[in-house]
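Right, one structure below, let's go through it.
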Amino acid sequence: RITALAKINTDITSWLQIGVDAAFTKSDYSGVVANIGEATQTSPYGVMYRNESEKLLEKYPYTQSSVNALWNTDKSVRDNKDIRNNFRANAYAVVKLPWVEGLSYRFNYAGNLSKNQSGDFYYEGYFVKEGAYDDETRYSPATLQSLLASANGKINNNTTDSWVIDNILNYKNTFGKHSIDLTAVATRDRKKYEMIETTGSNFAANGNTTLGINGLHKAIWIITSVPISDIWDVHLIHMMIVTSLPVLIVVMELLFLGLIKSGEISLHLVVPGD
């Protein structure tokens with residue numbers, strides 16, 4: 001796993017502040033674990049390797065039925081890939097408008113990008129038939145060549161891209177005995193998902209599976225699917241007013257009455273006691 005992180009917060013002027021928080025992570029979960037179910041059923045009288053000196057696994061420790069618990073971990077018969085890349089970035093800017101006391105604007109951005117690749121490939125050797133562990137013909141080049149029609153694999157590349165933007169306007173001030181705190185928020189977001197999945201099987205015509213998971217285009221049967229989803233908006237305008245001025249409440253209610261009824265603006269009023 002590789003992770004990189006960067007942060008910065010600074011006051012550019014007395015009225016402008018900005019900040020950025022970004023991170024990148026790459027994780028590799030490739031590989032297959034041993035089959036615990038098979039391991040618990042394995043007898044100590046079975047044969048783990050067909051060749052002890054070279055540590056070549058035997059698929060069937062008892063010559064038939066039960067499969068070696070480590071068979072899927074052998075990269076010469078099965079290849080697994082699971083790599084995940086994620087990049088996120090958060091940024092903000094706060095502007096305190098100097099010509100209007102108490103008025104400020106804040107911009108927030110949050111973005112996330114994920115690119116993942118996963119897949120499995122089963123080489124012809126994965127489909128070795130049952131037989132005596134000392135019968136080397138089961139693993140001979142000629143036998144493996146005859147199993148090329150069974151070799152298959154698939155690879156999935158998917159990308160998720162999302163972001164959220166907030167625009168926040170705030171006005172806070174005090175007038176003698178009275179005060180006002182008004183906040184308006186407009187939010188918009190988007191999420192897009194793209195995926196390409198390719199499945200390939202039967203490599204008899206190609207004559208080999210040397211390229212493994214990267215050679216699916218060499219298969220006789222190839223299926224590719226490309227689903228895409230794109231979700232836009234959830235834009236919301238929210239207003240909150242905290243004030244001790246009843247007249248202002250009436251004015252704001254009338255001003256936003258039409259938008260409130262349409263559901264585009266939500267308005268929340270709080271009247272504190274004098």
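Identifiers for the structure tokens are assigned positionally: chains receive A, B, ... in sequence, residues are indexed from 1 per chain, and ligands are indexed from 1 in the order shown.
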Name the residues of stretch 60-185 of chain A that fall into strand (DSSP E or B) according to DSSP on the backbone, using the chain letters and numbers of this document, as a ChimeraX atom specification.
/A:78-96,103-122,152-175,178-185
Requested write-out: C-alpha atoms of the selected residues, as a PDB file, in the first residue's frame:
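Final output, saved to selection_23.pdb:
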ATOM      1  CA  ARG A  78      -4.504 -19.098 -11.392  1.00  0.00           C
ATOM      2  CA  ASP A  79      -3.738 -15.392 -11.537  1.00  0.00           C
ATOM      3  CA  ASN A  80      -5.670 -12.846  -9.486  1.00  0.00           C
ATOM      4  CA  LYS A  81      -5.466  -9.072  -9.717  1.00  0.00           C
ATOM      5  CA  ASP A  82      -7.051  -6.487  -7.404  1.00  0.00           C
ATOM      6  CA  ILE A  83      -5.499  -3.026  -7.537  1.00  0.00           C
ATOM      7  CA  ARG A  84      -7.280   0.034  -6.175  1.00  0.00           C
ATOM      8  CA  ASN A  85      -6.305   3.674  -6.683  1.00  0.00           C
ATOM      9  CA  ASN A  86      -8.038   6.500  -4.861  1.00  0.00           C
ATOM     10  CA  PHE A  87      -7.499  10.240  -5.033  1.00  0.00           C
ATOM     11  CA  ARG A  88      -9.421  12.730  -2.932  1.00  0.00           C
ATOM     12  CA  ALA A  89      -9.170  16.497  -2.663  1.00  0.00           C
ATOM     13  CA  ASN A  90     -10.911  18.965  -0.375  1.00  0.00           C
ATOM     14  CA  ALA A  91     -10.538  22.703  -0.860  1.00  0.00           C
ATOM     15  CA  TYR A  92     -12.129  25.791   0.590  1.00  0.00           C
ATOM     16  CA  ALA A  93     -11.956  29.568   0.383  1.00  0.00           C
ATOM     17  CA  VAL A  94     -13.401  32.055   2.873  1.00  0.00           C
ATOM     18  CA  VAL A  95     -13.935  35.666   1.854  1.00  0.00           C
ATOM     19  CA  LYS A  96     -14.866  38.239   4.489  1.00  0.00           C
ATOM     20  CA  LEU A 103     -20.906  39.461   5.479  1.00  0.00           C
ATOM     21  CA  SER A 104     -18.799  36.477   4.417  1.00  0.00           C
ATOM     22  CA  TYR A 105     -18.761  33.903   1.649  1.00  0.00           C
ATOM     23  CA  ARG A 106     -17.353  30.366   1.849  1.00  0.00           C
ATOM     24  CA  PHE A 107     -16.714  27.991  -1.044  1.00  0.00           C
ATOM     25  CA  ASN A 108     -16.229  24.276  -0.331  1.00  0.00           C
ATOM     26  CA  TYR A 109     -15.172  21.616  -2.813  1.00  0.00           C
ATOM     27  CA  ALA A 110     -14.852  17.899  -2.117  1.00  0.00           C
ATOM     28  CA  GLY A 111     -13.789  15.584  -4.919  1.00  0.00           C
ATOM     29  CA  ASN A 112     -13.104  11.872  -5.044  1.00  0.00           C
ATOM     30  CA  LEU A 113     -11.714   9.728  -7.872  1.00  0.00           C
ATOM     31  CA  SER A 114     -11.376   5.939  -7.664  1.00  0.00           C
ATOM     32  CA  LYS A 115      -9.819   3.757 -10.356  1.00  0.00           C
ATOM     33  CA  ASN A 116      -9.891   0.022  -9.681  1.00  0.00           C
ATOM     34  CA  GLN A 117      -8.800  -3.015 -11.661  1.00  0.00           C
ATOM     35  CA  SER A 118      -9.708  -6.557 -10.678  1.00  0.00           C
ATOM     36  CA  GLY A 119      -9.758  -9.880 -12.435  1.00  0.00           C
ATOM     37  CA  ASP A 120      -9.046 -13.597 -12.466  1.00  0.00           C
ATOM     38  CA  PHE A 121      -7.386 -15.853 -14.986  1.00  0.00           C
ATOM     39  CA  TYR A 122      -7.470 -19.652 -14.932  1.00  0.00           C
ATOM     40  CA  ASN A 152     -10.636 -18.511 -19.187  1.00  0.00           C
ATOM     41  CA  GLY A 153     -10.519 -15.230 -17.386  1.00  0.00           C
ATOM     42  CA  LYS A 154     -12.056 -11.827 -16.897  1.00  0.00           C
ATOM     43  CA  ILE A 155     -10.882  -8.331 -16.046  1.00  0.00           C
ATOM     44  CA  ASN A 156     -12.859  -5.419 -14.669  1.00  0.00           C
ATOM     45  CA  ASN A 157     -11.789  -1.779 -14.911  1.00  0.00           C
ATOM     46  CA  ASN A 158     -14.057   0.684 -13.126  1.00  0.00           C
ATOM     47  CA  THR A 159     -13.896   4.383 -12.364  1.00  0.00           C
ATOM     48  CA  THR A 160     -15.979   6.373  -9.891  1.00  0.00           C
ATOM     49  CA  ASP A 161     -15.796  10.151 -10.074  1.00  0.00           C
ATOM     50  CA  SER A 162     -17.744  12.303  -7.612  1.00  0.00           C
ATOM     51  CA  TRP A 163     -17.724  15.843  -6.303  1.00  0.00           C
ATOM     52  CA  VAL A 164     -19.713  18.142  -4.039  1.00  0.00           C
ATOM     53  CA  ILE A 165     -19.696  21.942  -4.154  1.00  0.00           C
ATOM     54  CA  ASP A 166     -21.060  24.184  -1.398  1.00  0.00           C
ATOM     55  CA  ASN A 167     -21.644  27.910  -1.676  1.00  0.00           C
ATOM     56  CA  ILE A 168     -22.280  29.437   1.753  1.00  0.00           C
ATOM     57  CA  LEU A 169     -23.254  33.059   2.302  1.00  0.00           C
ATOM     58  CA  ASN A 170     -23.433  34.319   5.873  1.00  0.00           C
ATOM     59  CA  TYR A 171     -24.407  37.652   7.359  1.00  0.00           C
ATOM     60  CA  LYS A 172     -24.057  38.223  11.082  1.00  0.00           C
ATOM     61  CA  ASN A 173     -24.389  41.562  12.811  1.00  0.00           C
ATOM     62  CA  THR A 174     -25.720  43.327  15.876  1.00  0.00           C
ATOM     63  CA  PHE A 175     -27.826  46.480  15.899  1.00  0.00           C
ATOM     64  CA  HIS A 178     -31.057  43.309  18.186  1.00  0.00           C
ATOM     65  CA  SER A 179     -28.999  40.821  16.225  1.00  0.00           C
ATOM     66  CA  ILE A 180     -29.247  38.867  12.997  1.00  0.00           C
ATOM     67  CA  ASP A 181     -27.530  35.728  11.787  1.00  0.00           C
ATOM     68  CA  LEU A 182     -28.508  34.723   8.248  1.00  0.00           C
ATOM     69  CA  THR A 183     -26.995  31.770   6.388  1.00  0.00           C
ATOM     70  CA  ALA A 184     -27.800  30.717   2.817  1.00  0.00           C
ATOM     71  CA  VAL A 185     -26.360  27.482   1.415  1.00  0.00           C
TER      72      VAL A 185
END
Leaving out stretch 64-74 of chain A and any residue of its chain fewer than 4 positions from it, which residues lie within 6 Å of it when counting only C-alpha atoms, given as JSON, numbers by chain?
{"A": [32, 34, 35, 38, 39, 59, 60, 130]}
Where in stretch 37-148 of chain A does DSSP assign alpha helix (DSSP H), given as a ChimeraX atom specification?
/A:37-41,141-146
Which residue is closest to A:Ser30? Choose from A:Lys75, A:Lys129, A:Arg138, A:Lys177 and count only C-alpha atoms.
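Between A:Lys75, A:Lys129, A:Arg138, A:Lys177, the residue approaching A:Ser30 most closely is A:Lys75.
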Please, what distance in Å, to one decimal, runs between atom CA of A:Thr224 and atom CA of A:Thr198?
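Spanning atom CA of A:Thr224 to atom CA of A:Thr198 is a straight-line distance of 4.4 Å.
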For atom CA of A:Asn214 and atom CA of A:Tyr123, the interatomic separation in Å (one decimal):
12.3 Å
Using only C-alpha atoms for the distances, tell me which of A:Tyr133, A:Tyr29, A:Trp99, A:Phe127 is nearest to A:Gly46.
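Looking only at the distances to A:Gly46, the closest residue turns out to be A:Tyr133.
Atom to atom, atom CA of A:Val33 and atom CA of A:Tyr126 stand 15.7 Å apart.
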Which residues come within 10 Å of A:Gly215, counting only C-alpha atoms, excluding same-chain residues fewer than 4 positions away, as a PyMOL selection string?
chain A and resi 121+153+200+203+208-211+219
